[in-house]
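This is protein08.cif (mmCIF, C-alpha atoms).
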```cif
data_final
#
loop_
_atom_site.label_atom_id
_atom_site.label_comp_id
_atom_site.auth_asym_id
_atom_site.auth_seq_id
_atom_site.Cartn_x
_atom_site.Cartn_y
_atom_site.Cartn_z
CA MET A 1 120.63 95.47 87.26
CA ALA A 2 117.75 93.75 89.08
CA VAL A 3 114.08 93.22 88.26
CA LEU A 4 111.95 92.90 91.39
CA PHE A 5 108.32 91.96 90.82
CA GLY A 6 105.22 91.15 92.83
CA ALA A 7 103.82 87.65 93.13
CA LYS A 8 101.05 87.91 90.52
CA GLY A 9 100.90 86.57 86.98
CA PRO A 10 100.78 89.94 85.16
CA TYR A 11 103.80 91.21 87.11
CA ARG A 12 105.80 88.08 86.28
CA LEU A 13 104.88 88.25 82.58
CA ALA A 14 105.88 91.91 82.30
CA ALA A 15 109.12 91.24 84.23
CA GLU A 16 110.09 88.29 82.02
CA VAL A 17 109.48 90.25 78.83
CA LEU A 18 111.43 93.18 80.26
CA ALA A 19 114.40 90.95 81.10
CA LYS A 20 114.27 89.36 77.63
CA GLU A 21 114.27 92.79 75.95
CA LEU A 22 117.22 93.93 78.04
CA LYS A 23 119.19 90.78 77.27
CA ALA A 24 118.59 91.30 73.55
CA ALA A 25 120.10 94.77 74.01
CA GLY A 26 123.15 93.29 75.75
CA ARG A 27 122.07 94.03 79.34
CA ASP A 28 121.86 91.18 81.85
CA SER A 29 119.46 91.35 84.79
CA VAL A 30 118.52 89.20 87.75
CA LEU A 31 114.82 88.38 88.25
CA ILE A 32 113.64 88.40 91.88
CA GLU A 33 110.06 87.57 92.85
CA LEU A 34 108.78 89.41 95.93
CA SER A 35 106.31 87.29 97.91
CA ASP A 36 103.25 88.95 99.37
CA GLU A 37 103.17 90.08 102.98
CA SER A 38 101.61 86.81 104.16
CA ASP A 39 105.04 85.15 103.83
CA ALA A 40 107.34 87.56 105.65
CA GLY A 41 110.28 85.18 105.58
CA ALA A 42 110.20 84.68 101.81
CA GLN A 43 109.75 88.41 101.30
CA GLN A 44 112.80 89.20 103.42
CA ARG A 45 114.89 86.63 101.55
CA ALA A 46 113.97 88.29 98.26
CA LEU A 47 114.95 91.70 99.60
CA ASP A 48 118.21 90.29 100.97
CA GLN A 49 118.97 88.95 97.49
CA LEU A 50 118.17 92.35 96.01
CA VAL A 51 120.49 94.19 98.41
CA LYS A 52 123.26 91.63 97.93
CA SER A 53 123.21 92.15 94.15
CA LYS A 54 123.94 95.88 94.73
CA PRO A 55 122.20 97.18 91.60
CA ALA A 56 122.45 100.86 90.70
CA LEU A 57 119.12 100.50 88.87
CA VAL A 58 116.08 98.40 89.75
CA ALA A 59 113.00 97.75 87.64
CA ALA A 60 110.08 97.05 89.97
CA GLY A 61 106.76 95.43 89.08
CA GLY A 62 103.84 96.62 91.22
CA ALA A 63 103.46 99.25 93.91
CA GLY A 64 104.67 96.97 96.72
CA ALA A 65 107.84 95.98 94.89
CA THR A 66 108.55 99.60 94.00
CA ALA A 67 108.19 100.81 97.59
CA ALA A 68 110.30 97.91 98.84
CA ALA A 69 113.09 98.59 96.33
CA LEU A 70 113.21 102.29 97.18
CA LYS A 71 113.46 101.49 100.89
CA ALA A 72 116.00 98.67 100.57
CA LEU A 73 118.31 100.56 98.20
CA PRO A 74 118.42 104.24 99.18
CA GLY A 75 120.99 105.07 96.52
CA ALA A 76 119.45 103.24 93.55
CA SER A 77 117.22 104.53 90.79
CA VAL A 78 113.93 102.65 90.36
CA VAL A 79 111.88 102.26 87.19
CA PHE A 80 108.47 100.85 88.05
CA PHE A 81 105.90 99.08 85.90
CA MET A 82 102.35 97.76 86.30
CA VAL A 83 101.45 100.13 89.16
CA PRO A 84 97.67 100.68 89.45
CA ASN A 85 96.26 104.10 90.38
CA ALA A 86 99.80 105.38 90.03
CA LEU A 87 98.89 109.00 90.74
CA ASP A 88 98.02 107.91 94.28
CA ALA A 89 101.25 105.96 94.83
CA PRO A 90 103.08 107.39 97.89
CA PHE A 91 106.46 107.26 96.12
CA LEU A 92 105.22 109.68 93.44
CA ARG A 93 104.25 112.40 95.90
CA ALA A 94 106.40 115.52 95.73
CA ASP A 95 107.18 115.20 99.45
CA TYR A 96 108.41 111.58 99.21
CA ALA A 97 112.10 111.40 100.12
CA GLY A 98 113.03 109.29 97.08
CA HIS A 99 110.74 111.02 94.60
CA GLU A 100 113.56 112.21 92.34
CA ARG A 101 114.94 108.69 91.76
CA VAL A 102 111.75 106.96 90.62
CA ALA A 103 109.93 106.87 87.26
CA GLY A 104 107.90 104.33 85.39
CA ILE A 105 104.77 103.09 83.70
CA ALA A 106 101.36 102.72 85.33
CA SER A 107 98.99 99.86 84.68
CA ASP A 108 96.26 102.51 84.41
CA ILE A 109 95.10 103.81 81.08
CA ALA A 110 95.92 107.51 80.61
CA PRO A 111 92.96 109.58 81.89
CA ASP A 112 92.43 111.47 78.62
CA GLU A 113 92.49 108.20 76.65
CA GLN A 114 89.98 106.67 79.06
CA ILE A 115 87.59 109.59 78.68
CA ASP A 116 88.04 109.66 74.89
CA TRP A 117 87.12 105.97 74.77
CA ILE A 118 83.91 106.69 76.71
CA ALA A 119 83.00 109.71 74.58
CA ARG A 120 83.54 107.93 71.28
CA GLY A 121 81.76 104.76 72.38
CA ARG A 122 78.69 106.59 73.73
CA PRO A 123 78.37 109.92 71.87
CA GLY A 124 76.36 112.53 73.73
CA ILE A 125 77.14 111.18 77.18
CA LYS A 126 77.25 114.01 79.73
CA LYS A 127 77.71 112.58 83.24
CA VAL A 128 79.62 109.52 84.40
CA ALA A 129 79.78 108.37 88.01
CA LEU A 130 83.02 107.14 89.53
CA LEU A 131 83.33 105.35 92.88
CA SER A 132 86.47 106.29 94.79
CA SER A 133 88.02 105.78 98.22
CA PRO A 134 90.69 107.72 100.15
CA ARG A 135 93.38 105.66 98.39
CA THR A 136 92.33 106.80 94.88
CA GLN A 137 91.68 110.53 95.26
CA GLN A 138 94.35 111.71 92.81
CA THR A 139 93.31 109.14 90.21
CA ALA A 140 89.72 110.35 90.47
CA ALA A 141 90.82 114.00 90.21
CA ALA A 142 92.78 113.30 87.02
CA LEU A 143 89.75 111.62 85.44
CA GLU A 144 87.54 114.54 86.50
CA LYS A 145 89.97 116.94 84.80
CA ALA A 146 90.10 114.85 81.62
CA GLY A 147 86.31 114.71 81.60
CA ARG A 148 85.99 118.49 81.83
CA ALA A 149 88.23 118.84 78.78
CA ARG A 150 85.74 116.72 76.81
CA GLY A 151 82.61 118.30 78.25
CA ILE A 152 81.83 115.24 80.39
CA THR A 153 81.19 115.50 84.12
CA ILE A 154 82.93 112.78 86.12
CA ALA A 155 80.95 112.75 89.36
CA THR A 156 83.00 111.10 92.11
CA PHE A 157 81.26 109.35 95.00
CA GLN A 158 83.05 108.03 98.05
CA ALA A 159 82.50 104.31 98.54
CA ALA A 160 83.69 101.48 100.77
CA ARG A 161 83.77 97.73 100.22
CA ASP A 162 81.74 96.98 103.37
CA GLU A 163 79.20 99.72 102.71
CA PHE A 164 78.54 99.14 99.02
CA PRO A 165 74.72 99.29 99.18
CA ALA A 166 75.13 102.97 100.10
CA ALA A 167 77.17 103.47 96.92
CA ILE A 168 74.43 101.85 94.83
CA GLU A 169 71.89 104.14 96.47
CA ALA A 170 74.07 107.14 95.58
CA LEU A 171 74.11 105.98 91.96
CA ASN A 172 70.32 105.67 91.99
CA THR A 173 69.97 109.35 92.86
CA ALA A 174 72.92 110.65 90.80
CA ALA A 175 71.14 110.95 87.42
CA CYS A 176 74.32 109.71 85.74
CA ASP A 177 74.62 108.22 82.26
CA GLY A 178 76.92 105.39 83.34
CA VAL A 179 79.70 104.35 85.73
CA LEU A 180 83.47 104.17 85.31
CA MET A 181 85.27 101.64 87.52
CA ILE A 182 88.86 102.03 88.72
CA PRO A 183 90.87 99.20 90.37
CA ASP A 184 90.31 100.03 94.02
CA ALA A 185 90.33 97.00 96.35
CA HIS A 186 88.91 99.18 99.13
CA ILE A 187 85.68 99.31 97.08
CA TYR A 188 85.44 96.31 94.82
CA ASN A 189 85.26 92.62 95.60
CA SER A 190 83.42 89.97 93.59
CA PRO A 191 79.98 90.52 95.21
CA ASN A 192 80.24 94.30 94.80
CA VAL A 193 81.24 94.00 91.16
CA GLU A 194 78.23 91.76 90.58
CA ARG A 195 75.96 94.31 92.29
CA LEU A 196 77.27 97.12 90.12
CA LEU A 197 76.93 95.14 86.89
CA LEU A 198 73.36 94.19 87.81
CA TRP A 199 72.63 97.87 88.53
CA GLY A 200 73.89 98.74 85.06
CA VAL A 201 71.68 96.22 83.30
CA ARG A 202 68.58 97.05 85.34
CA ASN A 203 69.00 100.76 84.69
CA ARG A 204 70.12 100.28 81.07
CA LYS A 205 73.34 102.21 81.70
CA PRO A 206 76.87 101.27 80.65
CA VAL A 207 79.55 100.29 83.13
CA TRP A 208 83.12 100.82 81.91
CA THR A 209 85.81 98.82 83.66
CA PHE A 210 89.55 98.12 83.90
CA SER A 211 89.50 94.35 83.29
CA GLU A 212 88.59 92.02 80.47
CA ASN A 213 87.26 89.54 83.05
CA VAL A 214 84.77 92.13 84.31
CA VAL A 215 83.64 92.78 80.73
CA VAL A 216 83.10 89.03 80.34
CA ALA A 217 81.09 89.11 83.59
CA GLY A 218 78.74 91.75 82.13
CA ALA A 219 80.31 95.21 82.04
CA PHE A 220 79.61 97.15 78.84
CA ALA A 221 83.26 97.75 77.93
CA GLY A 222 86.73 98.29 79.32
CA LEU A 223 90.30 99.29 78.64
CA TYR A 224 93.27 97.55 80.25
CA CYS A 225 96.99 97.18 79.67
CA ASP A 226 98.83 94.26 78.07
CA PRO A 227 101.53 93.21 80.59
CA ALA A 228 103.87 91.91 77.89
CA ALA A 229 103.67 95.19 75.97
CA VAL A 230 104.21 97.14 79.20
CA GLY A 231 107.32 95.03 79.78
CA LYS A 232 108.67 96.10 76.38
CA GLN A 233 107.79 99.74 77.03
CA THR A 234 109.53 99.56 80.42
CA ALA A 235 112.65 98.18 78.77
CA GLU A 236 112.78 101.36 76.68
CA LEU A 237 112.70 103.49 79.84
CA VAL A 238 115.39 101.37 81.47
CA ARG A 239 117.65 101.77 78.45
CA GLN A 240 117.16 105.55 78.60
CA VAL A 241 118.21 105.59 82.26
CA LEU A 242 121.22 103.40 81.53
CA LYS A 243 122.23 105.89 78.83
CA GLY A 244 122.13 108.75 81.31
CA THR A 245 118.57 110.11 81.31
CA SER A 246 117.46 110.94 84.85
CA THR A 247 114.43 109.22 86.32
CA ALA A 248 113.16 112.65 87.38
CA ALA A 249 113.06 113.67 83.71
CA LEU A 250 111.08 110.55 82.72
CA GLY A 251 108.47 110.69 85.49
CA LEU A 252 105.12 108.90 85.30
CA GLN A 253 104.10 107.42 81.97
CA TYR A 254 101.14 105.35 80.78
CA PRO A 255 100.78 102.27 78.56
CA ARG A 256 100.93 103.33 74.92
CA GLY A 257 97.70 103.48 72.95
CA LEU A 258 94.96 101.09 71.93
CA GLY A 259 96.43 98.36 69.79
CA GLU A 260 99.91 98.81 71.31
CA ALA A 261 100.16 98.40 75.09
CA VAL A 262 96.44 99.04 75.63
CA ARG A 263 93.72 96.51 74.92
CA GLY A 264 89.96 96.86 74.98
CA ALA A 265 86.91 94.64 75.27
CA VAL A 266 83.20 95.13 74.70
CA ASN A 267 80.32 92.87 75.77
CA VAL A 268 77.95 92.57 72.80
CA HIS A 269 75.19 90.96 74.85
CA THR A 270 75.31 93.70 77.50
CA ALA A 271 75.28 96.35 74.76
CA GLU A 272 72.07 94.83 73.39
CA MET A 273 70.43 94.63 76.82
CA ILE A 274 71.10 98.29 77.66
CA GLY A 275 70.33 99.57 74.16
CA ALA A 276 73.85 100.77 73.38
CA PRO A 277 74.67 100.45 69.66
CA LEU A 278 78.28 99.57 68.91
CA ASP A 279 80.16 101.90 66.56
CA GLU A 280 82.53 99.66 64.62
CA ARG A 281 84.93 102.60 64.18
CA VAL A 282 85.43 102.61 67.95
CA PHE A 283 85.13 98.93 68.81
CA ALA A 284 87.50 97.66 66.15
CA GLY A 285 91.30 97.23 66.22
CA GLY A 286 92.67 96.11 69.56
CA VAL A 287 89.19 95.46 70.96
CA SER A 288 87.90 91.98 71.70
CA ARG A 289 84.19 91.18 71.54
CA VAL A 290 82.62 88.93 74.17
CA GLY A 291 79.04 87.85 74.82
CA GLU A 292 78.25 87.14 71.18
CA PRO A 293 75.93 84.21 70.35
#
```
Mind turning this structure into structure tokens?
Amino acid sequence: MAVLFGAKGPYRLAAEVLAKELKAAGRDSVLIELSDESDAGAQQRALDQLVKSKPALVAAGGAGATAAALKALPGASVVFFMVPNALDAPFLRADYAGHERVAGIASDIAPDEQIDWIARGRPGIKKVALLSSPRTQQTAAALEKAGRARGITIATFQAARDEFPAAIEALNTAACDGVLMIPDAHIYNSPNVERLLLWGVRNRKPVWTFSENVVVAGAFAGLYCDPAAVGKQTAELVRQVLKGTSTAALGLQYPRGLGEAVRGAVNVHTAEMIGAPLDERVFAGGVSRVGEP
């Protein structure tokens, strides 16, 4: 089989761990790095190598690698990993031609786990704002549904990277108790992240995020996946497919639980500035603390 992965560090780490796990189980695989679209020649060479290897099963790291594998190998099954906002991935739509031959693990945290983390970390919270774009509508809807189940309103506001001041203005009038970020490049770049974090501190409201680096930069807290652990979890799915389980039966899955494939971080300094006491029962195992003196 083949492991095709995008040209980013987390994808490579997950792919290497996946290949190591498969080898330990007696299954050899070929690792193929897919360059980004800026190097069309290198990307085509990678796809040519993939097609030449004629795998019946491909593990694909990232949304781009997954879409490329499905297109290049119309007869192969594809198990993806590290796909952000997976509910919005085109290849998971019911009307996608190859929908029945793809399954895998998102890089997102499961919506109910994300909302539970918010509810336990800030008891009594009632309304959380979420900035979304046309590319993350299904992800936002799943978080809204998970919020309703916990009695928390997830209020979604449309936002755009080049019109971010309008999003901040919407937050100013939203009467929300905090903001939940999702990894949407159509909204967030470094300046916009800085604006949002400053808004949180000035208004003494928590910002939950998807990246430890953003927590270090000043977000209140965040959950994110461990690429190495996702690689191991993906190896389990691959072995199931190799044993005869259909990809359609496996479907979309999420990184397993805090302390396993999910990690967390909390910014102690930010918590102090916004007046958010830290419950050690919540911010304990699997959670790193940053911003301490």
**OP:** Considering only C-alpha atoms, state which residue in the set A:Arg12, A:Arg148, A:Lys20, A:Arg135 is at the smallest distance from A:Ser35.
**Re:** A:Arg12
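Minimum atom-to-atom distance to A:His269, evaluated using only C-alpha atoms, belongs to A:Ala219 out of A:Ala2, A:Val287, A:Ala219, A:Ala94.
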Original post:
Could you spell out the hits of the PyMOL selection byres ((chain A and resi 275) around 12) on the shown file, as a PyMOL selection string?
Top reply: chain A and resi 122+200-206+220+268-274+276-278
Original post:
Of the candidates A:Gly62, A:Gly41, A:Gly6, A:Gly231, which shows the shortest atom-to-atom distance to A:Ala19, using all atoms listed in the file?
Top reply: A:Gly231
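Proximity ranking of A:Met181, A:Ala142, A:Leu196, A:Ala103 relative to A:Glu169 places A:Leu196 first, based on only C-alpha atoms.
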Given the PyMOL selection byres ((chain A and resi 127) around 8) and the file above, list the residues it selects as a compact mmCIF listing (two decimals) with C-alpha atoms, in the frame of the given file.
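Saved to part31.txt:
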```
# COMPACT_ATOMS: atom_id res chain seq x y z
CA ILE A 125 77.14 111.18 77.18
CA LYS A 126 77.25 114.01 79.73
CA VAL A 128 79.62 109.52 84.40
CA ALA A 129 79.78 108.37 88.01
CA ILE A 152 81.83 115.24 80.39
CA THR A 153 81.19 115.50 84.12
CA ILE A 154 82.93 112.78 86.12
CA ALA A 155 80.95 112.75 89.36
CA ALA A 175 71.14 110.95 87.42
CA CYS A 176 74.32 109.71 85.74
CA ASP A 177 74.62 108.22 82.26
CA GLY A 178 76.92 105.39 83.34
```
What lies within 9 Å of A:Val290 using all atoms listed in the file, ignoring chain neighbours under 6 positions off, as a compact mmCIF listing (two decimals) with C-alpha atoms, in the frame of the given file?
```txt
# COMPACT_ATOMS: atom_id res chain seq x y z
CA VAL A 215 83.64 92.78 80.73
CA VAL A 216 83.10 89.03 80.34
CA ALA A 265 86.91 94.64 75.27
CA VAL A 266 83.20 95.13 74.70
CA ASN A 267 80.32 92.87 75.77
CA VAL A 268 77.95 92.57 72.80
CA HIS A 269 75.19 90.96 74.85
```
Original post:
Which residues match the PyMOL selection byres ((chain A and resi 82) around 9) in the file above, as a VMD selection string?
Top reply: chain A and resid 10 to 11 14 60 to 63 80 to 81 83 to 84 86 104 to 108 225 227 230 to 231
